[in-house]
>>> print(open('data-v4.txt').read())   # compact mmCIF, C-alpha atoms and all ligand atoms
# COMPACT_ATOMS: atom_id res chain seq x y z
CA MET A 1 -24.68 -38.29 -27.60
CA ILE A 2 -25.98 -36.01 -24.90
CA ALA A 3 -29.34 -36.58 -23.22
CA ILE A 4 -31.60 -34.40 -21.10
CA VAL A 5 -33.65 -36.49 -18.66
CA LEU A 6 -36.75 -34.80 -17.25
CA VAL A 7 -37.07 -35.83 -13.62
CA GLY A 8 -38.31 -32.68 -11.90
CA GLY A 9 -42.01 -33.54 -11.50
CA GLN A 10 -43.62 -34.01 -8.10
CA GLY A 11 -45.05 -37.47 -8.82
CA THR A 12 -48.44 -36.44 -7.42
CA ARG A 13 -50.20 -39.63 -8.55
CA LEU A 14 -47.81 -41.72 -6.44
CA ARG A 15 -48.27 -39.77 -3.20
CA PRO A 16 -47.61 -40.31 -0.33
CA LEU A 17 -44.61 -42.39 -1.56
CA THR A 18 -43.26 -39.39 -3.46
CA TYR A 19 -43.25 -37.21 -0.33
CA SER A 20 -40.14 -39.09 0.80
CA LEU A 21 -38.57 -40.06 -2.56
CA PRO A 22 -38.99 -38.44 -5.99
CA LYS A 23 -40.71 -40.79 -8.47
CA PRO A 24 -37.60 -41.66 -10.55
CA MET A 25 -35.77 -42.68 -7.34
CA LEU A 26 -38.47 -45.21 -6.40
CA PRO A 27 -37.14 -48.74 -6.79
CA VAL A 28 -38.37 -51.00 -9.57
CA VAL A 29 -37.33 -54.50 -8.43
CA GLU A 30 -34.57 -53.15 -6.19
CA ARG A 31 -33.07 -50.55 -8.57
CA PRO A 32 -34.18 -46.92 -8.82
CA MET A 33 -36.12 -46.26 -11.99
CA ILE A 34 -33.63 -43.58 -13.03
CA ALA A 35 -30.79 -46.16 -12.92
CA ARG A 36 -32.68 -48.28 -15.45
CA VAL A 37 -33.27 -45.22 -17.65
CA VAL A 38 -29.61 -44.14 -17.61
CA GLU A 39 -28.48 -47.72 -18.39
CA TRP A 40 -30.82 -47.78 -21.39
CA LEU A 41 -29.39 -44.47 -22.65
CA ALA A 42 -25.84 -45.81 -22.19
CA THR A 43 -26.68 -48.83 -24.37
CA TYR A 44 -27.26 -46.44 -27.28
CA GLY A 45 -24.07 -44.46 -26.85
CA VAL A 46 -25.22 -41.63 -24.60
CA THR A 47 -22.13 -40.47 -22.69
CA ARG A 48 -23.52 -37.40 -20.89
CA ALA A 49 -26.91 -37.05 -19.25
CA VAL A 50 -28.25 -33.79 -17.88
CA LEU A 51 -30.76 -34.55 -15.13
CA SER A 52 -33.42 -31.84 -15.19
CA LEU A 53 -34.28 -31.60 -11.50
CA GLY A 54 -36.63 -29.52 -9.41
CA TYR A 55 -38.40 -31.66 -6.83
CA GLN A 56 -36.07 -33.13 -4.16
CA PRO A 57 -32.86 -32.80 -6.19
CA ASP A 58 -30.67 -33.98 -3.31
CA ALA A 59 -32.07 -37.50 -3.58
CA PHE A 60 -30.43 -37.82 -7.02
CA VAL A 61 -27.15 -36.19 -6.05
CA ASP A 62 -26.92 -38.46 -2.98
CA ALA A 63 -27.62 -41.58 -5.07
CA PHE A 64 -24.84 -40.82 -7.58
CA PRO A 65 -22.32 -38.80 -5.58
CA GLU A 66 -19.50 -39.27 -8.12
CA GLY A 67 -21.67 -37.77 -10.86
CA ARG A 68 -21.33 -40.92 -12.98
CA PHE A 69 -23.48 -43.98 -13.51
CA ALA A 70 -23.23 -46.84 -16.04
CA GLY A 71 -20.36 -45.01 -17.73
CA VAL A 72 -22.53 -41.91 -18.25
CA GLU A 73 -21.36 -38.54 -16.91
CA LEU A 74 -24.22 -36.91 -14.99
CA HIS A 75 -24.87 -33.18 -14.80
CA TYR A 76 -27.45 -31.92 -12.30
CA ALA A 77 -29.50 -28.94 -13.54
CA VAL A 78 -31.69 -27.78 -10.64
CA GLU A 79 -34.55 -25.44 -11.59
CA PRO A 80 -35.22 -22.61 -9.17
CA GLU A 81 -38.96 -23.24 -9.74
CA PRO A 82 -40.88 -25.73 -11.91
CA LEU A 83 -40.69 -24.50 -15.53
CA ASP A 84 -42.83 -27.28 -17.07
CA THR A 85 -41.40 -29.66 -19.65
CA ALA A 86 -40.08 -27.24 -22.33
CA GLY A 87 -38.97 -24.64 -19.79
CA ALA A 88 -37.09 -27.43 -18.02
CA ILE A 89 -35.42 -28.59 -21.25
CA ARG A 90 -34.27 -25.04 -22.05
CA PHE A 91 -33.02 -24.47 -18.50
CA ALA A 92 -31.13 -27.79 -18.44
CA ALA A 93 -29.55 -27.29 -21.88
CA LEU A 94 -28.25 -23.83 -20.95
CA ASP A 95 -27.18 -24.90 -17.46
CA ALA A 96 -25.06 -27.71 -18.92
CA GLY A 97 -23.87 -25.59 -21.88
CA VAL A 98 -25.22 -28.08 -24.45
CA GLU A 99 -27.77 -25.84 -26.20
CA GLY A 100 -25.77 -25.97 -29.45
CA GLU A 101 -25.93 -29.79 -29.68
CA THR A 102 -28.40 -32.26 -31.14
CA LEU A 103 -30.03 -33.63 -27.99
CA VAL A 104 -31.85 -36.76 -26.89
CA VAL A 105 -34.66 -35.73 -24.49
CA VAL A 106 -36.50 -38.27 -22.36
CA ASN A 107 -39.23 -38.32 -19.75
CA GLY A 108 -37.48 -39.92 -16.78
CA ASP A 109 -40.56 -41.82 -15.61
CA VAL A 110 -40.75 -43.99 -18.73
CA LEU A 111 -39.28 -47.49 -18.80
CA THR A 112 -38.66 -48.70 -22.33
CA ASP A 113 -36.56 -50.90 -24.59
CA LEU A 114 -37.14 -48.53 -27.52
CA ASP A 115 -34.45 -48.51 -30.23
CA LEU A 116 -32.92 -45.08 -29.74
CA GLY A 117 -30.49 -45.70 -32.62
CA ALA A 118 -33.40 -46.09 -35.04
CA LEU A 119 -34.91 -42.81 -33.79
CA VAL A 120 -31.60 -40.99 -34.39
CA THR A 121 -31.37 -42.51 -37.88
CA LEU A 122 -34.93 -41.47 -38.84
CA HIS A 123 -34.31 -37.99 -37.44
CA ALA A 124 -31.25 -37.56 -39.66
CA ALA A 125 -33.06 -38.99 -42.71
CA ARG A 126 -36.11 -36.70 -42.41
CA GLY A 127 -34.12 -33.59 -41.49
CA GLY A 128 -36.81 -32.12 -39.25
CA ALA A 129 -36.26 -29.93 -36.20
CA ALA A 130 -37.42 -32.73 -33.90
CA THR A 131 -38.36 -36.40 -34.04
CA ILE A 132 -40.42 -38.15 -31.38
CA ALA A 133 -40.93 -41.83 -30.62
CA LEU A 134 -44.48 -43.18 -30.59
CA THR A 135 -46.00 -46.23 -28.98
CA PRO A 136 -49.49 -47.74 -29.27
CA VAL A 137 -51.64 -47.84 -26.12
CA GLU A 138 -55.16 -49.02 -25.42
CA ASP A 139 -56.45 -45.76 -23.95
CA PRO A 140 -54.59 -42.75 -25.40
CA SER A 141 -56.46 -40.16 -23.33
CA ALA A 142 -53.77 -40.02 -20.60
CA TYR A 143 -51.02 -39.19 -23.11
CA GLY A 144 -49.97 -36.96 -26.01
CA VAL A 145 -51.81 -38.28 -29.08
CA VAL A 146 -49.85 -38.08 -32.34
CA PRO A 147 -51.34 -38.74 -35.81
CA THR A 148 -48.75 -38.94 -38.61
CA ASP A 149 -48.69 -39.31 -42.41
CA ALA A 150 -47.03 -42.21 -44.24
CA SER A 151 -43.61 -40.50 -44.21
CA GLY A 152 -43.73 -40.08 -40.43
CA ARG A 153 -44.53 -36.36 -40.51
CA VAL A 154 -46.59 -35.38 -37.48
CA LEU A 155 -50.00 -33.95 -38.43
CA ALA A 156 -51.11 -32.85 -34.96
CA PHE A 157 -50.04 -33.12 -31.32
CA ILE A 158 -52.99 -33.37 -28.96
CA GLU A 159 -52.06 -33.60 -25.28
CA LYS A 160 -54.50 -35.67 -23.20
CA PRO A 161 -57.65 -35.46 -25.34
CA ALA A 162 -60.99 -36.92 -24.29
CA ARG A 163 -60.98 -40.63 -25.12
CA ASP A 164 -63.55 -40.31 -27.92
CA GLU A 165 -61.68 -37.36 -29.45
CA ALA A 166 -58.30 -39.09 -29.93
CA PRO A 167 -57.68 -39.53 -33.67
CA THR A 168 -55.29 -42.48 -33.11
CA ASN A 169 -54.00 -44.68 -30.28
CA HIS A 170 -50.36 -43.90 -31.14
CA ILE A 171 -49.01 -41.70 -28.41
CA ASN A 172 -45.94 -39.71 -27.52
CA ALA A 173 -43.54 -42.17 -25.87
CA GLY A 174 -41.63 -39.33 -24.17
CA THR A 175 -38.37 -39.80 -26.14
CA TYR A 176 -37.28 -37.07 -28.55
CA ILE A 177 -34.36 -35.94 -30.72
CA PHE A 178 -34.07 -32.12 -30.80
CA GLU A 179 -32.01 -29.88 -33.05
CA PRO A 180 -30.66 -26.72 -31.36
CA SER A 181 -33.41 -24.72 -33.14
CA VAL A 182 -36.01 -26.33 -30.85
CA VAL A 183 -34.31 -25.16 -27.67
CA GLU A 184 -33.90 -21.70 -29.26
CA ARG A 185 -37.64 -21.33 -29.78
CA ILE A 186 -38.52 -22.05 -26.12
CA PRO A 187 -39.29 -18.72 -24.41
CA SER A 188 -37.35 -18.02 -21.21
CA GLY A 189 -38.61 -16.77 -17.87
CA ARG A 190 -41.92 -18.62 -17.71
CA ARG A 191 -43.46 -22.09 -17.62
CA VAL A 192 -43.59 -23.65 -21.10
CA SER A 193 -45.01 -27.05 -21.99
CA VAL A 194 -43.28 -28.93 -24.79
CA GLU A 195 -46.47 -30.91 -25.40
CA ARG A 196 -48.98 -28.03 -25.41
CA GLU A 197 -46.88 -25.24 -26.90
CA ILE A 198 -43.68 -26.31 -28.67
CA PHE A 199 -44.84 -29.48 -30.47
CA PRO A 200 -47.97 -27.77 -31.91
CA GLN A 201 -45.69 -24.96 -33.22
CA LEU A 202 -43.39 -27.52 -34.85
CA VAL A 203 -46.43 -29.22 -36.42
CA ASP A 204 -47.47 -25.88 -37.94
CA ALA A 205 -43.91 -25.44 -39.25
CA GLN A 206 -44.07 -28.99 -40.73
CA ALA A 207 -40.83 -29.72 -38.88
CA LEU A 208 -41.89 -32.53 -36.52
CA TYR A 209 -41.45 -36.23 -37.36
CA ALA A 210 -42.21 -39.42 -35.47
CA LEU A 211 -41.18 -43.06 -35.41
CA ASP A 212 -43.58 -45.77 -34.30
CA SER A 213 -42.26 -48.55 -32.11
CA ASP A 214 -43.74 -51.66 -30.58
CA ALA A 215 -40.83 -52.13 -28.17
CA TYR A 216 -41.55 -52.52 -24.46
CA TRP A 217 -42.86 -49.20 -23.11
CA LEU A 218 -44.42 -48.14 -19.83
CA ASP A 219 -45.03 -44.80 -18.12
CA THR A 220 -44.75 -45.59 -14.42
CA GLY A 221 -46.65 -42.57 -13.12
CA THR A 222 -49.66 -44.27 -11.46
CA PRO A 223 -49.76 -46.94 -8.71
CA GLU A 224 -51.14 -49.52 -11.16
CA ARG A 225 -48.37 -48.88 -13.70
CA TYR A 226 -45.66 -48.66 -11.03
CA LEU A 227 -46.73 -52.16 -9.96
CA ARG A 228 -46.86 -53.43 -13.53
CA ALA A 229 -43.30 -52.19 -14.26
CA GLN A 230 -42.02 -54.66 -11.67
CA PHE A 231 -44.06 -57.71 -12.65
CA ASP A 232 -43.13 -57.14 -16.31
CA ILE A 233 -39.48 -57.59 -15.34
CA LEU A 234 -40.20 -60.76 -13.33
CA ARG A 235 -42.30 -62.19 -16.16
CA GLY A 236 -39.40 -61.72 -18.58
CA LEU A 237 -41.09 -59.07 -20.76
CA ARG A 238 -37.88 -57.03 -20.65
CA SER A 239 -34.29 -57.89 -21.52
CA PRO A 240 -32.60 -60.27 -19.01
CA GLY A 241 -30.27 -57.45 -17.89
CA HIS A 242 -33.19 -56.00 -15.94
CA LEU A 243 -33.35 -58.94 -13.54
CA PRO A 244 -31.55 -58.50 -10.24
CA ALA A 245 -28.80 -60.85 -9.12
CA CYS A 246 -30.41 -63.82 -7.38
CA ALA A 247 -29.28 -66.70 -5.28
CA LYS A 248 -32.22 -68.87 -6.37
CA ARG A 249 -34.51 -68.58 -9.33
CA SER A 250 -37.14 -70.69 -11.03
CA GLU A 251 -39.95 -69.73 -13.41
CA GLY A 252 -40.58 -66.15 -12.38
CA VAL A 253 -39.57 -66.71 -8.75
CA PHE A 254 -36.37 -65.00 -7.60
CA VAL A 255 -34.79 -64.97 -4.17
CA ALA A 256 -31.88 -62.60 -3.57
CA PRO A 257 -28.91 -63.64 -1.41
CA GLY A 258 -30.05 -63.73 2.20
CA GLY A 259 -33.73 -63.76 1.25
CA VAL A 260 -36.06 -66.42 2.67
CA LEU A 261 -39.16 -67.67 0.89
CA ASP A 262 -41.03 -70.33 2.87
CA ALA A 263 -44.55 -69.56 1.70
CA HIS A 264 -46.69 -70.91 -1.10
CA VAL A 265 -46.17 -68.85 -4.29
CA ALA A 266 -48.43 -68.43 -7.31
CA GLY A 267 -47.49 -66.29 -10.31
CA CYS A 268 -44.19 -64.47 -10.00
CA ALA A 269 -42.31 -63.31 -6.93
CA PHE A 270 -39.12 -61.54 -5.99
CA VAL A 271 -37.76 -61.70 -2.45
CA GLY A 272 -34.99 -59.19 -1.81
CA ARG A 273 -31.82 -59.33 0.25
CA SER A 274 -32.50 -60.32 3.87
CA ALA A 275 -36.25 -60.20 3.21
CA SER A 276 -38.46 -63.02 4.43
CA VAL A 277 -41.81 -64.54 3.60
CA ALA A 278 -42.88 -66.88 6.39
CA GLY A 279 -44.38 -70.33 5.92
CA GLY A 280 -48.16 -70.15 5.98
CA ALA A 281 -48.22 -66.85 4.07
CA PHE A 282 -49.58 -66.72 0.50
CA VAL A 283 -47.93 -64.60 -2.19
CA HIS A 284 -48.93 -64.14 -5.83
CA ASP A 285 -47.17 -61.61 -8.12
CA VAL A 286 -45.17 -59.77 -5.49
CA VAL A 287 -41.97 -57.89 -4.97
CA VAL A 288 -40.78 -58.10 -1.38
CA GLY A 289 -38.07 -55.46 -1.03
CA ALA A 290 -34.82 -55.88 0.86
CA SER A 291 -35.32 -56.63 4.58
CA ALA A 292 -39.13 -56.57 4.22
CA HIS A 293 -41.13 -59.25 6.04
CA VAL A 294 -44.41 -61.07 5.35
CA ALA A 295 -45.72 -62.91 8.40
CA SER A 296 -47.51 -66.22 8.54
CA GLY A 297 -51.16 -66.15 7.48
CA ALA A 298 -50.69 -62.94 5.49
CA ARG A 299 -51.89 -62.73 1.88
CA VAL A 300 -50.01 -60.51 -0.55
CA ARG A 301 -51.08 -60.33 -4.17
CA ASP A 302 -50.27 -57.96 -7.10
CA ALA A 303 -48.34 -55.88 -4.64
CA VAL A 304 -44.97 -54.33 -4.02
CA LEU A 305 -43.49 -54.05 -0.53
CA LEU A 306 -40.65 -51.53 -0.50
CA PRO A 307 -37.53 -52.19 1.58
CA GLY A 308 -38.13 -52.77 5.27
CA ALA A 309 -41.95 -52.97 4.99
CA VAL A 310 -43.72 -55.42 7.31
CA VAL A 311 -47.02 -57.24 6.70
CA ARG A 312 -48.18 -58.77 9.98
CA GLU A 313 -50.12 -62.00 10.67
CA GLY A 314 -53.36 -62.41 8.75
CA ALA A 315 -53.12 -59.08 6.91
CA THR A 316 -54.05 -58.79 3.21
CA VAL A 317 -52.30 -56.55 0.68
CA GLU A 318 -53.74 -56.59 -2.84
CA GLY A 319 -53.04 -54.38 -5.88
CA SER A 320 -51.21 -51.90 -3.66
CA VAL A 321 -47.82 -50.44 -2.83
CA VAL A 322 -46.46 -50.46 0.73
CA GLY A 323 -43.79 -47.83 1.34
CA PRO A 324 -40.35 -48.35 2.86
CA SER A 325 -40.46 -49.42 6.54
CA ALA A 326 -44.28 -49.13 6.65
CA VAL A 327 -46.14 -51.63 8.86
CA ILE A 328 -49.44 -53.29 7.92
CA GLY A 329 -51.01 -54.38 11.19
CA ALA A 330 -52.36 -57.85 11.92
CA GLY A 331 -55.56 -58.62 10.03
CA ALA A 332 -55.53 -55.25 8.23
CA GLN A 333 -56.59 -55.05 4.57
CA VAL A 334 -54.83 -52.82 2.02
CA LEU A 335 -56.68 -53.11 -1.28
CA SER A 336 -57.17 -51.87 -4.87
CA GLY A 337 -54.49 -49.35 -5.74
CA SER A 338 -53.84 -48.16 -2.21
CA VAL A 339 -50.51 -46.46 -1.52
CA VAL A 340 -49.01 -46.57 1.99
CA GLY A 341 -46.28 -44.00 2.62
CA ALA A 342 -42.81 -44.48 4.08
CA ALA A 343 -42.77 -45.59 7.73
CA ALA A 344 -46.58 -45.33 7.94
CA LEU A 345 -48.53 -47.61 10.26
CA VAL A 346 -51.82 -49.22 9.22
CA ALA A 347 -53.57 -50.26 12.43
CA ASP A 348 -54.49 -53.89 13.18
CA GLY A 349 -57.76 -54.76 11.42
CA ALA A 350 -57.98 -51.44 9.50
CA VAL A 351 -59.26 -51.44 5.90
CA LEU A 352 -57.77 -49.24 3.14
CA ASP A 353 -59.57 -49.48 -0.20
CA SER A 354 -58.17 -47.38 -3.11
CA ALA A 355 -56.78 -45.16 -0.38
CA ARG A 356 -53.69 -43.10 0.29
CA HIS A 357 -52.26 -43.48 3.76
CA PRO A 358 -51.45 -41.05 5.23
CA VAL A 359 -53.56 -38.76 3.04
N1 LIG A 401 -37.56 -30.56 -14.50
C1 LIG A 401 -38.87 -30.63 -14.63
N2 LIG A 401 -39.64 -29.53 -14.42
N3 LIG A 401 -39.41 -31.83 -14.96
C2 LIG A 401 -40.75 -31.89 -15.08
C3 LIG A 401 -41.61 -30.79 -14.88
C4 LIG A 401 -41.00 -29.53 -14.52
O1 LIG A 401 -41.65 -28.49 -14.33
N4 LIG A 401 -42.88 -31.20 -15.08
C5 LIG A 401 -42.81 -32.51 -15.41
N5 LIG A 401 -41.54 -32.94 -15.39
C6 LIG A 401 -41.03 -34.28 -15.72
C7 LIG A 401 -41.65 -35.39 -14.88
O2 LIG A 401 -40.82 -35.66 -13.76
C8 LIG A 401 -41.67 -36.57 -15.85
O3 LIG A 401 -40.45 -37.31 -15.82
C9 LIG A 401 -41.78 -35.92 -17.21
O4 LIG A 401 -41.42 -34.54 -17.04
C10 LIG A 401 -43.20 -36.00 -17.80
O5 LIG A 401 -44.11 -35.49 -16.83
P1 LIG A 401 -45.38 -36.34 -16.36
O6 LIG A 401 -46.08 -35.54 -15.34
O7 LIG A 401 -45.00 -37.73 -16.04
O8 LIG A 401 -46.25 -36.27 -17.69
P2 LIG A 401 -47.32 -37.33 -18.23
O9 LIG A 401 -46.87 -38.72 -17.99
O10 LIG A 401 -48.65 -36.92 -17.72
O11 LIG A 401 -47.28 -37.02 -19.83
C11 LIG A 401 -46.05 -36.95 -20.53
O12 LIG A 401 -45.54 -38.25 -20.78
C12 LIG A 401 -46.35 -39.10 -21.63
C13 LIG A 401 -45.59 -40.38 -21.87
O13 LIG A 401 -45.25 -40.97 -20.70
C14 LIG A 401 -46.29 -36.22 -21.87
O14 LIG A 401 -45.04 -36.00 -22.46
C15 LIG A 401 -47.21 -37.03 -22.79
O15 LIG A 401 -47.32 -36.38 -24.06
C16 LIG A 401 -46.61 -38.41 -23.00
O16 LIG A 401 -47.50 -39.20 -23.80
MG MG A 402 -45.42 -39.60 -16.88
>>> encode(input="data-v4.txt", output="structure tokens", more="lines below")
Ligand code: GDD
Ligand code: MG
Amino acid sequence: MIAIVLVGGQGTRLRPLTYSLPKPMLPVVERPMIARVVEWLATYGVTRAVLSLGYQPDAFVDAFPEGRFAGVELHYAVEPEPLDTAGAIRFAALDAGVEGETLVVVNGDVLTDLDLGALVTLHAARGGAATIALTPVEDPSAYGVVPTDASGRVLAFIEKPARDEAPTNHINAGTYIFEPSVVERIPSGRRVSVEREIFPQLVDAQALYALDSDAYWLDTGTPERYLRAQFDILRGLRSPGHLPACAKRSEGVFVAPGGVLDAHVAGCAFVGRSASVAGGAFVHDVVVGASAHVASGARVRDAVLLPGAVVREGATVEGSVVGPSAVIGAGAQVLSGSVVGAAALVADGAVLDSARHPV
């Protein structure tokens, strides 16, 4: 099987982190998100993946210089300008010369344990032009909302409706099977959205099917969901293969080789290679990236510190992401969905509340 992985977006909701790394290259418990996505595809027999790139393509090429990962051959299709989701799929398929094949298409910012084999089987059984995976969510308004009939035929595709206008809470999980006829109908030379243009056309042609799944599923596009992706792994909500290699582990607490955890821990915690959490600190649901440091008297809760980040004495980090090599000054407070960019400095005693730093 051949997959197209959409990873060309700018990751605007995760700025300023995504100024220095594209969203799919951000680590989720020490491994780039895209590595977890490609491993999942490999599990279901995908042997070639076309990465549909636009924003910071070099970051991907540098991460996989041999053009292979997890036994999957990687092809890099770099758009000259953003073509939106369908435009990107068409561009990638032609660039890799796979437009005549049945294709798996995935949004590269989704982490899931969805059964891709079952999607392929349903697609073949229904004989439609395309089949999409669905997942239930509490608030469908941030997603593509997809009502179906009992046979799985899609009755409408409504991208990001107002919350009270969504006819169902079953949403597009961002995993599709496409026949070549779908790529053929995507116009060239302009931006085309698969969600707003192509899927509604396929609904009108009665050629779009869907399969519901209650497997693990998360779109990592916001700070809150990027944090949750990591704690879900530590809490064992995903298959054990997602856990990193650890020197020490006990009930949701993992310390990588060379990591030091002297502090009191509540909830779950991961301390990466050569990272340290000093005695007298307090941590609760945290990922402390490789070589990061939490000083004594600091409080870090529901937070991710990317590699090399430092939280100084008496500082508080809650519900926030601290970028690689950023420094949170002594006594500073970083709260409620704040995002601190790579190598940024938060001054001693400063307060960031739901803030982006630097803006
Ligand atoms: N190559 C390329 N070019 N990729 C793009 C472009 C583009 O112009 N625009 C977006 N992408 C990529 C993003 O990098 C991401 O991996 C994927 O396409 C989806 O874009 P998002 O910006 O993350 O969309 P969303 O999360 O708001 O909504 C989409 O995903 C939801 C599920 O996670 C839609 O497909 C929804 O219908 C769906 O429910
Ligand atoms: Mg998304």
>>> residues_near_ligand(input="data-v4.txt", ligand="ligand MG 402 (chain A)", cutoff="12 Å", atoms="all atoms listed in the file", output="PyMOL selection string")
chain A and resi 6-14+23-24+85+106-111+142-144+160+172-175+217-223+225-226
>>> residues_around(input="data-v4.txt", residues="Val334 (chain A)", least_positions_apart="5", cutoff="10 Å", atoms="all atoms listed in the file", output="list in words")
Val300, Ala303, Ala315, Thr316, Val317, Glu318, Gly319, Ser320, Val321, Val322, Ile328, Val339, Val340, Val346, Ala350, Val351, Leu352, Asp353, Ser354, Ala355, Arg356 and His357 of chain A
>>> closest_residue(input="data-v4.txt", among="A:Asp84, A:Glu73, A:Asp62, A:Glu79", to="ligand LIG 401 (chain A)", atoms="all atoms listed in the file")
A:Asp84
>>> axis_aligned_box(input="data-v4.txt", around="ligand LIG 401 (chain A)", padding_each_side="4 Å", output="lines of an AutoDock Vina configuration file")
center_x = -43.1
center_y = -34.7
center_z = -18.9
size_x = 19.1
size_y = 20.5
size_z = 18.3
>>> closest_residue(input="data-v4.txt", among="A:Ala162, A:Ala86, A:Leu17, A:Leu94", to="Ser325 (chain A)", atoms="only C-alpha atoms")
A:Leu17
>>> atom_distance(input="data-v4.txt", atom1="CA of Ala133 (chain A)", atom2="CA of Leu119 (chain A)")
6.9 Å
>>> closest_residue(input="data-v4.txt", among="A:Gly87, A:Pro140, A:Gly152, A:Pro257", to="Ser188 (chain A)", atoms="all atoms listed in the file")
A:Gly87
>>> atom_distance(input="data-v4.txt", atom1="CA of Gly258 (chain A)", atom2="CA of Val294 (chain A)")
14.9 Å
>>> closest_residue(input="data-v4.txt", among="A:Gly128, A:Pro200, A:Gly297, A:Pro167", to="Val283 (chain A)", atoms="all atoms listed in the file")
A:Gly297
>>> closest_residue(input="data-v4.txt", among="A:Ala125, A:Leu114, A:Val194, A:Leu211", to="ligand LIG 401 (chain A)", atoms="only C-alpha atoms and all ligand atoms")
A:Val194
>>> residues_around(input="data-v4.txt", residues="Ala130 (chain A)", least_positions_apart="2", cutoff="7 Å", atoms="all atoms listed in the file", output="number ranges by chain")
A: 128, 132, 176-179, 207-209
>>> atom_distance(input="data-v4.txt", atom1="CA of Phe157 (chain A)", atom2="CA of Val46 (chain A)")
27.1 Å
